[in-house]
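The structure file my_file_16.txt is reproduced below (compact mmCIF, N, CA, C and O atoms).
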```txt
# COMPACT_ATOMS: atom_id res chain seq x y z
N HIS I 163 59.33 -123.56 -103.01
CA HIS I 163 60.42 -123.53 -102.08
C HIS I 163 59.86 -123.42 -100.67
O HIS I 163 59.42 -122.35 -100.26
N HIS I 164 59.88 -124.50 -99.95
CA HIS I 164 59.36 -124.51 -98.59
C HIS I 164 60.41 -123.97 -97.64
O HIS I 164 61.59 -124.26 -97.78
N THR I 165 59.98 -123.17 -96.70
CA THR I 165 60.87 -122.63 -95.67
C THR I 165 60.27 -122.98 -94.31
O THR I 165 59.19 -123.57 -94.23
N THR I 166 60.94 -122.62 -93.26
CA THR I 166 60.41 -122.88 -91.91
C THR I 166 59.24 -121.97 -91.57
O THR I 166 58.50 -122.23 -90.64
N THR I 167 59.06 -120.90 -92.33
CA THR I 167 58.00 -119.95 -92.03
C THR I 167 56.96 -119.82 -93.14
O THR I 167 56.06 -118.99 -93.05
N GLY I 168 57.08 -120.59 -94.19
CA GLY I 168 56.10 -120.48 -95.28
C GLY I 168 56.61 -121.07 -96.57
O GLY I 168 57.53 -121.90 -96.58
N VAL I 169 56.05 -120.61 -97.67
CA VAL I 169 56.40 -121.09 -98.99
C VAL I 169 56.69 -119.89 -99.88
O VAL I 169 55.97 -118.90 -99.86
N VAL I 170 57.77 -119.99 -100.66
CA VAL I 170 58.11 -118.95 -101.64
C VAL I 170 57.73 -119.50 -103.01
O VAL I 170 58.19 -120.57 -103.41
N HIS I 171 56.88 -118.78 -103.71
CA HIS I 171 56.49 -119.15 -105.06
C HIS I 171 57.26 -118.27 -106.03
O HIS I 171 57.17 -117.04 -105.95
N VAL I 172 58.02 -118.86 -106.93
CA VAL I 172 58.79 -118.11 -107.91
C VAL I 172 57.88 -117.86 -109.12
O VAL I 172 57.28 -118.79 -109.65
N ILE I 173 57.76 -116.61 -109.52
CA ILE I 173 56.92 -116.26 -110.65
C ILE I 173 57.76 -115.49 -111.68
O ILE I 173 58.80 -114.92 -111.34
N ASP I 174 57.32 -115.50 -112.91
CA ASP I 174 58.10 -114.86 -113.97
C ASP I 174 57.43 -113.61 -114.53
O ASP I 174 57.78 -113.14 -115.60
N LYS I 175 56.46 -113.06 -113.79
CA LYS I 175 55.81 -111.82 -114.21
C LYS I 175 55.19 -111.15 -112.99
O LYS I 175 55.08 -111.74 -111.93
N ILE I 176 54.78 -109.94 -113.16
CA ILE I 176 54.13 -109.20 -112.09
C ILE I 176 52.70 -109.72 -111.93
O ILE I 176 51.98 -109.89 -112.92
N MET I 177 52.30 -109.95 -110.71
CA MET I 177 50.93 -110.39 -110.44
C MET I 177 50.03 -109.17 -110.31
O MET I 177 50.33 -108.27 -109.53
N LYS I 178 48.98 -109.16 -111.07
CA LYS I 178 48.01 -108.08 -110.99
C LYS I 178 46.90 -108.48 -110.02
O LYS I 178 46.56 -109.66 -109.91
N PRO I 179 46.33 -107.52 -109.32
CA PRO I 179 45.23 -107.86 -108.41
C PRO I 179 44.03 -108.40 -109.17
O PRO I 179 43.80 -108.05 -110.32
N ALA I 180 43.29 -109.24 -108.49
CA ALA I 180 42.08 -109.79 -109.10
C ALA I 180 41.08 -108.67 -109.34
O ALA I 180 40.95 -107.76 -108.53
N THR I 181 40.41 -108.72 -110.47
CA THR I 181 39.45 -107.67 -110.82
C THR I 181 38.04 -108.21 -111.02
O THR I 181 37.13 -107.44 -111.32
N ALA I 182 37.86 -109.50 -110.88
CA ALA I 182 36.55 -110.11 -111.10
C ALA I 182 36.17 -110.98 -109.92
O ALA I 182 37.04 -111.48 -109.20
N THR I 183 34.89 -111.17 -109.74
CA THR I 183 34.42 -112.09 -108.71
C THR I 183 34.62 -113.53 -109.19
O THR I 183 34.87 -113.78 -110.38
N ILE I 184 34.47 -114.46 -108.27
CA ILE I 184 34.56 -115.87 -108.64
C ILE I 184 33.49 -116.20 -109.67
O ILE I 184 33.77 -116.87 -110.66
N GLY I 185 32.29 -115.69 -109.45
CA GLY I 185 31.20 -115.95 -110.40
C GLY I 185 31.49 -115.43 -111.79
O GLY I 185 31.22 -116.11 -112.78
N ALA I 186 32.05 -114.23 -111.87
CA ALA I 186 32.38 -113.66 -113.18
C ALA I 186 33.44 -114.49 -113.88
O ALA I 186 33.34 -114.77 -115.08
N MET I 187 34.46 -114.91 -113.14
CA MET I 187 35.53 -115.71 -113.74
C MET I 187 34.98 -117.05 -114.23
O MET I 187 35.26 -117.47 -115.36
N LEU I 188 34.18 -117.72 -113.41
CA LEU I 188 33.62 -119.01 -113.81
C LEU I 188 32.66 -118.87 -114.99
O LEU I 188 32.62 -119.72 -115.87
N SER I 189 31.87 -117.79 -115.01
CA SER I 189 30.92 -117.58 -116.10
C SER I 189 31.61 -117.31 -117.43
O SER I 189 31.07 -117.66 -118.49
N GLN I 190 32.77 -116.72 -117.40
CA GLN I 190 33.50 -116.40 -118.62
C GLN I 190 34.30 -117.58 -119.17
O GLN I 190 34.74 -117.55 -120.31
N ASP I 191 34.47 -118.62 -118.37
CA ASP I 191 35.28 -119.77 -118.78
C ASP I 191 34.34 -120.91 -119.19
O ASP I 191 33.61 -121.45 -118.36
N LEU I 192 34.37 -121.28 -120.45
CA LEU I 192 33.44 -122.28 -120.98
C LEU I 192 33.57 -123.65 -120.34
O LEU I 192 32.63 -124.44 -120.37
N GLN I 193 34.71 -123.94 -119.72
CA GLN I 193 34.86 -125.26 -119.12
C GLN I 193 34.03 -125.42 -117.85
O GLN I 193 33.94 -126.52 -117.29
N PHE I 194 33.37 -124.34 -117.39
CA PHE I 194 32.53 -124.41 -116.20
C PHE I 194 31.06 -124.10 -116.50
O PHE I 194 30.28 -123.82 -115.59
N ARG I 195 30.65 -124.15 -117.76
CA ARG I 195 29.30 -123.73 -118.12
C ARG I 195 28.23 -124.64 -117.51
O ARG I 195 27.19 -124.15 -117.08
N THR I 196 28.45 -125.94 -117.45
CA THR I 196 27.45 -126.82 -116.86
C THR I 196 27.33 -126.56 -115.36
O THR I 196 26.22 -126.47 -114.82
N PHE I 197 28.45 -126.41 -114.69
CA PHE I 197 28.45 -126.12 -113.26
C PHE I 197 27.67 -124.84 -112.98
O PHE I 197 26.78 -124.81 -112.13
N MET I 198 27.98 -123.79 -113.69
CA MET I 198 27.34 -122.50 -113.45
C MET I 198 25.85 -122.53 -113.79
O MET I 198 25.04 -121.95 -113.09
N SER I 199 25.48 -123.22 -114.86
CA SER I 199 24.06 -123.25 -115.25
C SER I 199 23.24 -124.12 -114.30
O SER I 199 22.02 -123.93 -114.20
N ALA I 200 23.87 -125.02 -113.58
CA ALA I 200 23.14 -125.91 -112.67
C ALA I 200 22.99 -125.34 -111.27
O ALA I 200 22.19 -125.84 -110.49
N LEU I 201 23.73 -124.28 -110.94
CA LEU I 201 23.64 -123.70 -109.60
C LEU I 201 22.34 -122.93 -109.42
O LEU I 201 21.80 -122.37 -110.36
N GLY I 202 21.88 -122.88 -108.18
CA GLY I 202 20.70 -122.10 -107.86
C GLY I 202 21.04 -120.62 -107.78
O GLY I 202 22.20 -120.23 -107.70
N SER I 203 20.02 -119.79 -107.76
CA SER I 203 20.23 -118.34 -107.75
C SER I 203 20.97 -117.88 -106.50
O SER I 203 21.76 -116.93 -106.56
N GLY I 204 20.74 -118.53 -105.36
CA GLY I 204 21.45 -118.15 -104.14
C GLY I 204 22.95 -118.40 -104.25
O GLY I 204 23.76 -117.57 -103.80
N ASP I 205 23.32 -119.52 -104.85
CA ASP I 205 24.74 -119.82 -105.05
C ASP I 205 25.37 -118.84 -106.04
O ASP I 205 26.50 -118.39 -105.84
N ILE I 206 24.65 -118.51 -107.10
CA ILE I 206 25.16 -117.55 -108.08
C ILE I 206 25.39 -116.19 -107.41
O ILE I 206 26.41 -115.54 -107.63
N LYS I 207 24.45 -115.79 -106.57
CA LYS I 207 24.59 -114.52 -105.85
C LYS I 207 25.83 -114.54 -104.97
O LYS I 207 26.58 -113.57 -104.93
N ARG I 208 26.07 -115.63 -104.28
CA ARG I 208 27.27 -115.74 -103.43
C ARG I 208 28.54 -115.65 -104.27
O ARG I 208 29.51 -115.00 -103.89
N LEU I 209 28.56 -116.34 -105.41
CA LEU I 209 29.75 -116.34 -106.27
C LEU I 209 30.02 -114.97 -106.87
O LEU I 209 31.16 -114.64 -107.18
N ASN I 210 28.98 -114.17 -107.03
CA ASN I 210 29.15 -112.83 -107.59
C ASN I 210 29.36 -111.75 -106.53
O ASN I 210 29.55 -110.58 -106.87
N SER I 211 29.34 -112.15 -105.27
CA SER I 211 29.54 -111.20 -104.18
C SER I 211 30.98 -110.69 -104.18
O SER I 211 31.92 -111.43 -104.43
N GLU I 212 31.13 -109.41 -103.91
CA GLU I 212 32.47 -108.82 -103.81
C GLU I 212 32.99 -108.82 -102.37
O GLU I 212 34.11 -108.39 -102.12
N THR I 213 32.19 -109.34 -101.44
CA THR I 213 32.62 -109.35 -100.04
C THR I 213 32.80 -110.75 -99.46
O THR I 213 33.47 -110.91 -98.46
N GLU I 214 32.21 -111.75 -100.08
CA GLU I 214 32.34 -113.12 -99.57
C GLU I 214 33.74 -113.66 -99.84
O GLU I 214 34.35 -113.36 -100.87
N THR I 215 34.25 -114.44 -98.91
CA THR I 215 35.51 -115.15 -99.12
C THR I 215 35.17 -116.64 -99.23
O THR I 215 34.70 -117.25 -98.28
N LEU I 216 35.38 -117.19 -100.40
CA LEU I 216 34.92 -118.54 -100.72
C LEU I 216 36.05 -119.38 -101.31
O LEU I 216 37.00 -118.86 -101.87
N THR I 217 35.88 -120.68 -101.20
CA THR I 217 36.65 -121.64 -101.98
C THR I 217 35.63 -122.43 -102.79
O THR I 217 34.62 -122.88 -102.26
N VAL I 218 35.89 -122.58 -104.08
CA VAL I 218 34.95 -123.30 -104.96
C VAL I 218 35.67 -124.46 -105.62
O VAL I 218 36.74 -124.29 -106.21
N PHE I 219 35.10 -125.63 -105.47
CA PHE I 219 35.57 -126.81 -106.20
C PHE I 219 34.65 -126.93 -107.41
O PHE I 219 33.58 -127.52 -107.33
N ALA I 220 35.06 -126.32 -108.51
CA ALA I 220 34.21 -126.21 -109.70
C ALA I 220 34.51 -127.35 -110.66
O ALA I 220 35.56 -127.38 -111.29
N PRO I 221 33.56 -128.28 -110.81
CA PRO I 221 33.77 -129.36 -111.77
C PRO I 221 33.75 -128.82 -113.20
O PRO I 221 32.92 -127.99 -113.55
N SER I 222 34.68 -129.29 -113.99
CA SER I 222 34.78 -128.86 -115.39
C SER I 222 33.81 -129.66 -116.24
O SER I 222 33.18 -130.62 -115.80
N GLU I 223 33.70 -129.26 -117.49
CA GLU I 223 32.87 -130.00 -118.44
C GLU I 223 33.34 -131.45 -118.52
O GLU I 223 32.52 -132.37 -118.58
N LYS I 224 34.66 -131.67 -118.51
CA LYS I 224 35.19 -133.03 -118.58
C LYS I 224 34.75 -133.86 -117.38
O LYS I 224 34.46 -135.05 -117.51
N ALA I 225 34.68 -133.23 -116.21
CA ALA I 225 34.23 -133.94 -115.01
C ALA I 225 32.78 -134.39 -115.18
O ALA I 225 32.44 -135.53 -114.84
N PHE I 226 31.93 -133.52 -115.70
CA PHE I 226 30.53 -133.89 -115.91
C PHE I 226 30.41 -134.98 -116.97
O PHE I 226 29.56 -135.86 -116.86
N GLU I 227 31.24 -134.94 -117.99
CA GLU I 227 31.20 -135.95 -119.05
C GLU I 227 31.56 -137.33 -118.53
O GLU I 227 31.11 -138.34 -119.06
N LYS I 228 32.39 -137.40 -117.50
CA LYS I 228 32.83 -138.68 -116.93
C LYS I 228 31.77 -139.34 -116.07
O LYS I 228 31.88 -140.52 -115.74
N LEU I 229 30.73 -138.60 -115.68
CA LEU I 229 29.69 -139.17 -114.84
C LEU I 229 28.85 -140.18 -115.62
O LEU I 229 28.60 -140.01 -116.81
N THR I 230 28.39 -141.20 -114.92
CA THR I 230 27.42 -142.11 -115.53
C THR I 230 26.12 -141.34 -115.71
O THR I 230 25.92 -140.29 -115.08
N SER I 231 25.24 -141.83 -116.53
CA SER I 231 23.98 -141.12 -116.74
C SER I 231 23.18 -141.04 -115.44
O SER I 231 22.52 -140.03 -115.17
N ALA I 232 23.24 -142.06 -114.61
CA ALA I 232 22.52 -142.03 -113.33
C ALA I 232 23.11 -140.98 -112.40
O ALA I 232 22.37 -140.23 -111.75
N ALA I 233 24.43 -140.90 -112.34
CA ALA I 233 25.08 -139.89 -111.49
C ALA I 233 24.81 -138.50 -112.02
O ALA I 233 24.55 -137.57 -111.25
N ARG I 234 24.85 -138.35 -113.33
CA ARG I 234 24.58 -137.04 -113.93
C ARG I 234 23.16 -136.58 -113.59
O ARG I 234 22.92 -135.42 -113.28
N GLU I 235 22.20 -137.50 -113.62
CA GLU I 235 20.82 -137.17 -113.28
C GLU I 235 20.70 -136.73 -111.82
O GLU I 235 19.98 -135.80 -111.50
N LYS I 236 21.44 -137.38 -110.93
CA LYS I 236 21.41 -137.01 -109.51
C LYS I 236 21.96 -135.60 -109.30
O LYS I 236 21.47 -134.84 -108.49
N VAL I 237 23.03 -135.28 -110.04
CA VAL I 237 23.68 -133.98 -109.86
C VAL I 237 22.94 -132.87 -110.59
O VAL I 237 22.78 -131.78 -110.06
N LEU I 238 22.50 -133.13 -111.80
CA LEU I 238 21.92 -132.09 -112.64
C LEU I 238 20.39 -132.15 -112.75
O LEU I 238 19.78 -131.24 -113.28
N GLY I 239 19.80 -133.21 -112.25
CA GLY I 239 18.36 -133.39 -112.37
C GLY I 239 17.58 -132.47 -111.46
O GLY I 239 18.12 -131.60 -110.78
N SER I 240 16.28 -132.70 -111.40
CA SER I 240 15.41 -131.84 -110.61
C SER I 240 15.10 -132.43 -109.24
O SER I 240 14.25 -131.92 -108.53
N GLY I 241 15.79 -133.50 -108.86
CA GLY I 241 15.55 -134.12 -107.56
C GLY I 241 16.00 -133.24 -106.41
O GLY I 241 16.70 -132.23 -106.58
N SER I 242 15.61 -133.63 -105.21
CA SER I 242 15.89 -132.81 -104.03
C SER I 242 17.38 -132.75 -103.70
O SER I 242 17.83 -131.80 -103.06
N CYS I 243 18.14 -133.74 -104.10
CA CYS I 243 19.57 -133.75 -103.76
C CYS I 243 20.43 -132.93 -104.71
O CYS I 243 21.52 -132.50 -104.35
N SER I 244 19.97 -132.72 -105.93
CA SER I 244 20.82 -132.10 -106.94
C SER I 244 21.34 -130.73 -106.52
O SER I 244 22.52 -130.43 -106.68
N ASN I 245 20.50 -129.90 -105.97
CA ASN I 245 20.92 -128.57 -105.55
C ASN I 245 21.96 -128.65 -104.43
O ASN I 245 22.93 -127.89 -104.41
N HIS I 246 21.77 -129.57 -103.50
CA HIS I 246 22.68 -129.70 -102.37
C HIS I 246 24.05 -130.21 -102.80
O HIS I 246 25.07 -129.80 -102.25
N ILE I 247 24.08 -131.10 -103.78
CA ILE I 247 25.35 -131.66 -104.22
C ILE I 247 26.27 -130.56 -104.73
O ILE I 247 27.42 -130.45 -104.33
N LEU I 248 25.76 -129.71 -105.61
CA LEU I 248 26.60 -128.65 -106.17
C LEU I 248 26.86 -127.54 -105.15
O LEU I 248 27.95 -126.96 -105.14
N SER I 249 25.91 -127.24 -104.29
CA SER I 249 26.13 -126.23 -103.25
C SER I 249 27.27 -126.63 -102.32
O SER I 249 28.00 -125.77 -101.80
N ASN I 250 27.44 -127.93 -102.11
CA ASN I 250 28.53 -128.40 -101.26
C ASN I 250 29.91 -128.22 -101.90
O ASN I 250 30.92 -128.45 -101.24
N HIS I 251 29.94 -127.81 -103.15
CA HIS I 251 31.21 -127.51 -103.82
C HIS I 251 31.67 -126.08 -103.52
O HIS I 251 32.73 -125.66 -103.96
N ILE I 252 30.86 -125.33 -102.78
CA ILE I 252 31.17 -123.94 -102.45
C ILE I 252 31.35 -123.84 -100.94
O ILE I 252 30.41 -124.07 -100.18
N LEU I 253 32.57 -123.53 -100.50
CA LEU I 253 32.87 -123.42 -99.08
C LEU I 253 32.87 -121.96 -98.65
O LEU I 253 33.29 -121.09 -99.40
N ASP I 254 32.43 -121.71 -97.44
CA ASP I 254 32.30 -120.35 -96.93
C ASP I 254 33.61 -119.75 -96.40
O ASP I 254 33.58 -118.78 -95.65
N HIS I 255 34.72 -120.33 -96.74
CA HIS I 255 36.01 -119.81 -96.30
C HIS I 255 37.07 -120.17 -97.33
O HIS I 255 36.86 -121.03 -98.17
N ILE I 256 38.19 -119.50 -97.22
CA ILE I 256 39.29 -119.77 -98.14
C ILE I 256 40.05 -120.99 -97.64
O ILE I 256 40.38 -121.09 -96.47
N LEU I 257 40.30 -121.91 -98.53
CA LEU I 257 41.02 -123.13 -98.21
C LEU I 257 42.20 -123.22 -99.17
O LEU I 257 42.02 -123.28 -100.38
N CYS I 258 43.40 -123.19 -98.61
CA CYS I 258 44.61 -123.23 -99.45
C CYS I 258 44.88 -124.65 -99.94
O CYS I 258 44.57 -125.62 -99.26
N SER I 259 45.49 -124.75 -101.10
CA SER I 259 45.72 -126.07 -101.71
C SER I 259 46.59 -126.97 -100.85
O SER I 259 46.42 -128.18 -100.86
N GLY I 260 47.51 -126.42 -100.07
CA GLY I 260 48.35 -127.25 -99.21
C GLY I 260 47.55 -127.99 -98.16
O GLY I 260 47.89 -129.11 -97.77
N VAL I 261 46.46 -127.41 -97.70
CA VAL I 261 45.60 -128.07 -96.73
C VAL I 261 44.88 -129.24 -97.39
O VAL I 261 44.74 -130.32 -96.82
N ILE I 262 44.46 -129.06 -98.62
CA ILE I 262 43.74 -130.10 -99.35
C ILE I 262 44.64 -131.30 -99.63
O ILE I 262 44.25 -132.44 -99.47
N THR I 263 45.88 -131.03 -100.03
CA THR I 263 46.80 -132.11 -100.38
C THR I 263 47.51 -132.69 -99.18
O THR I 263 48.25 -133.65 -99.30
N GLY I 264 47.31 -132.10 -98.00
CA GLY I 264 47.91 -132.63 -96.79
C GLY I 264 49.33 -132.18 -96.56
O GLY I 264 50.04 -132.71 -95.70
N THR I 265 49.80 -131.17 -97.31
CA THR I 265 51.18 -130.70 -97.12
C THR I 265 51.26 -129.52 -96.17
O THR I 265 52.35 -129.08 -95.84
N SER I 266 50.12 -129.01 -95.71
CA SER I 266 50.09 -127.91 -94.76
C SER I 266 49.13 -128.26 -93.64
O SER I 266 48.22 -129.05 -93.80
N LYS I 267 49.33 -127.64 -92.49
CA LYS I 267 48.45 -127.86 -91.35
C LYS I 267 47.64 -126.61 -91.10
O LYS I 267 48.12 -125.50 -91.29
N ILE I 268 46.40 -126.81 -90.68
CA ILE I 268 45.53 -125.66 -90.36
C ILE I 268 45.87 -125.15 -88.97
O ILE I 268 46.05 -125.86 -88.06
```

Here is a file; write its structure as structure tokens.
Amino acid sequence: HHTTTGVVHVIDKIMKPATATIGAMLSQDLQFRTFMSALGSGDIKRLNSETETLTVFAPSEKAFEKLTSAAREKVLGSGSCSNHILSNHILDHILCSGVITGTSKI
């Protein structure tokens, strides 16, 4: 429900505060196991930080399966670009979905 001052989200239960870091949540969800195992230790440390505010575009197992073998090698291989490709999926600030889809302005 869009209003002139924001958006009202209708929910059917009480929202509990988050109790885990982004890293903990991603590590516990099997659909992100390739993403998490391919990240460098610095990225893992950031994802497990309790003070960082991040946005993560975490590719699922299905996303990795859709890659060609050449693309998969670039992303997951030992080349110089592989670490940078996945690190670029982690942003140093919170980005709301409305900004991504173009329905909100920054």

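With only N, CA, C and O atoms taken into account, the protein and nucleic acid residues at most 7 Å from Ala200 (chain I) (excluding it and anything under 5 positions from it in its own chain) are Phe194, Arg195, Val237, Leu238, Ser244, Asn245 and Leu248 of chain I.
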
Query raised in the report: Hey, what's within 8 Å of Phe226 (chain I) if we count only N, CA, C and O atoms and toss same-chain stuff fewer than 6 positions away? As JSON, numbers by chain, please?
Result: {"I": [193, 196, 197, 233, 234]}

**Report entry** Backbone DSSP call of alpha helix (DSSP H) for chain I, listed as a ChimeraX atom specification
**Finding:** /I:184-190,195-200,203-209,223-228,231-238,242-249,259-263

Report task. Please identify all polymer residues within 6 Å of region 210-212 of chain I, counting all atoms listed in the file, omitting same-chain residues fewer than 3 positions from it, and present them as a PyMOL selection string. Result -> chain I and resi 183-186+205-207

Please, could you write that set of residues out with N, CA, C and O atoms as a PDB file, in the frame of the given file?
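Here's the written file selection_9.pdb:
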```
ATOM      1  N   THR I 183      34.890-111.170-109.740  1.00  0.00           N
ATOM      2  CA  THR I 183      34.420-112.090-108.710  1.00  0.00           C
ATOM      3  C   THR I 183      34.620-113.530-109.190  1.00  0.00           C
ATOM      4  O   THR I 183      34.870-113.780-110.380  1.00  0.00           O
ATOM      5  N   ILE I 184      34.470-114.460-108.270  1.00  0.00           N
ATOM      6  CA  ILE I 184      34.560-115.870-108.640  1.00  0.00           C
ATOM      7  C   ILE I 184      33.490-116.200-109.670  1.00  0.00           C
ATOM      8  O   ILE I 184      33.770-116.870-110.660  1.00  0.00           O
ATOM      9  N   GLY I 185      32.290-115.690-109.450  1.00  0.00           N
ATOM     10  CA  GLY I 185      31.200-115.950-110.400  1.00  0.00           C
ATOM     11  C   GLY I 185      31.490-115.430-111.790  1.00  0.00           C
ATOM     12  O   GLY I 185      31.220-116.110-112.780  1.00  0.00           O
ATOM     13  N   ALA I 186      32.050-114.230-111.870  1.00  0.00           N
ATOM     14  CA  ALA I 186      32.380-113.660-113.180  1.00  0.00           C
ATOM     15  C   ALA I 186      33.440-114.490-113.880  1.00  0.00           C
ATOM     16  O   ALA I 186      33.340-114.770-115.080  1.00  0.00           O
ATOM     17  N   ASP I 205      23.320-119.520-104.850  1.00  0.00           N
ATOM     18  CA  ASP I 205      24.740-119.820-105.050  1.00  0.00           C
ATOM     19  C   ASP I 205      25.370-118.840-106.040  1.00  0.00           C
ATOM     20  O   ASP I 205      26.500-118.390-105.840  1.00  0.00           O
ATOM     21  N   ILE I 206      24.650-118.510-107.100  1.00  0.00           N
ATOM     22  CA  ILE I 206      25.160-117.550-108.080  1.00  0.00           C
ATOM     23  C   ILE I 206      25.390-116.190-107.410  1.00  0.00           C
ATOM     24  O   ILE I 206      26.410-115.540-107.630  1.00  0.00           O
ATOM     25  N   LYS I 207      24.450-115.790-106.570  1.00  0.00           N
ATOM     26  CA  LYS I 207      24.590-114.520-105.850  1.00  0.00           C
ATOM     27  C   LYS I 207      25.830-114.540-104.970  1.00  0.00           C
ATOM     28  O   LYS I 207      26.580-113.570-104.930  1.00  0.00           O
TER      29      LYS I 207
END
```

Query raised in the report: Between atom O of Leu188 (chain I) and CA of Ala232 (chain I), what is the spacing in Å?
Result: 24.6 Å

Query raised in the report: atom N of Phe219 (chain I) and atom N of Asn250 (chain I), how far apart in Å?
Result: 8.7 Å

File contents for region 195-208 of chain I with N, CA and C atoms as a PDB file, in the first residue's frame:
```pdb
ATOM      1  N   ARG I 195      25.142 -22.368  -0.456  1.00  0.00           N
ATOM      2  CA  ARG I 195      26.388 -23.021  -0.057  1.00  0.00           C
ATOM      3  C   ARG I 195      27.528 -22.742  -1.031  1.00  0.00           C
ATOM      4  N   THR I 196      27.269 -22.704  -2.325  1.00  0.00           N
ATOM      5  CA  THR I 196      28.346 -22.416  -3.274  1.00  0.00           C
ATOM      6  C   THR I 196      28.823 -20.979  -3.113  1.00  0.00           C
ATOM      7  N   PHE I 197      27.906 -20.055  -2.983  1.00  0.00           N
ATOM      8  CA  PHE I 197      28.261 -18.646  -2.782  1.00  0.00           C
ATOM      9  C   PHE I 197      29.135 -18.487  -1.550  1.00  0.00           C
ATOM     10  N   MET I 198      28.711 -19.049  -0.443  1.00  0.00           N
ATOM     11  CA  MET I 198      29.450 -18.894   0.809  1.00  0.00           C
ATOM     12  C   MET I 198      30.812 -19.585   0.753  1.00  0.00           C
ATOM     13  N   SER I 199      30.891 -20.751   0.128  1.00  0.00           N
ATOM     14  CA  SER I 199      32.169 -21.464   0.080  1.00  0.00           C
ATOM     15  C   SER I 199      33.160 -20.795  -0.870  1.00  0.00           C
ATOM     16  N   ALA I 200      32.670 -19.994  -1.805  1.00  0.00           N
ATOM     17  CA  ALA I 200      33.557 -19.341  -2.770  1.00  0.00           C
ATOM     18  C   ALA I 200      34.069 -17.985  -2.298  1.00  0.00           C
ATOM     19  N   LEU I 201      33.474 -17.425  -1.246  1.00  0.00           N
ATOM     20  CA  LEU I 201      33.900 -16.118  -0.751  1.00  0.00           C
ATOM     21  C   LEU I 201      35.237 -16.207  -0.035  1.00  0.00           C
ATOM     22  N   GLY I 202      35.982 -15.119  -0.085  1.00  0.00           N
ATOM     23  CA  GLY I 202      37.238 -15.045   0.640  1.00  0.00           C
ATOM     24  C   GLY I 202      36.998 -14.799   2.118  1.00  0.00           C
ATOM     25  N   SER I 203      38.030 -14.977   2.914  1.00  0.00           N
ATOM     26  CA  SER I 203      37.886 -14.837   4.370  1.00  0.00           C
ATOM     27  C   SER I 203      37.487 -13.417   4.771  1.00  0.00           C
ATOM     28  N   GLY I 204      37.955 -12.407   4.038  1.00  0.00           N
ATOM     29  CA  GLY I 204      37.566 -11.030   4.351  1.00  0.00           C
ATOM     30  C   GLY I 204      36.077 -10.798   4.162  1.00  0.00           C
ATOM     31  N   ASP I 205      35.525 -11.356   3.092  1.00  0.00           N
ATOM     32  CA  ASP I 205      34.084 -11.223   2.850  1.00  0.00           C
ATOM     33  C   ASP I 205      33.281 -11.977   3.905  1.00  0.00           C
ATOM     34  N   ILE I 206      33.741 -13.156   4.282  1.00  0.00           N
ATOM     35  CA  ILE I 206      33.058 -13.928   5.327  1.00  0.00           C
ATOM     36  C   ILE I 206      33.060 -13.146   6.640  1.00  0.00           C
ATOM     37  N   LYS I 207      34.190 -12.533   6.955  1.00  0.00           N
ATOM     38  CA  LYS I 207      34.281 -11.732   8.179  1.00  0.00           C
ATOM     39  C   LYS I 207      33.286 -10.578   8.140  1.00  0.00           C
ATOM     40  N   ARG I 208      33.164  -9.915   7.016  1.00  0.00           N
ATOM     41  CA  ARG I 208      32.198  -8.816   6.879  1.00  0.00           C
ATOM     42  C   ARG I 208      30.765  -9.317   7.061  1.00  0.00           C
TER      43      ARG I 208
END
```
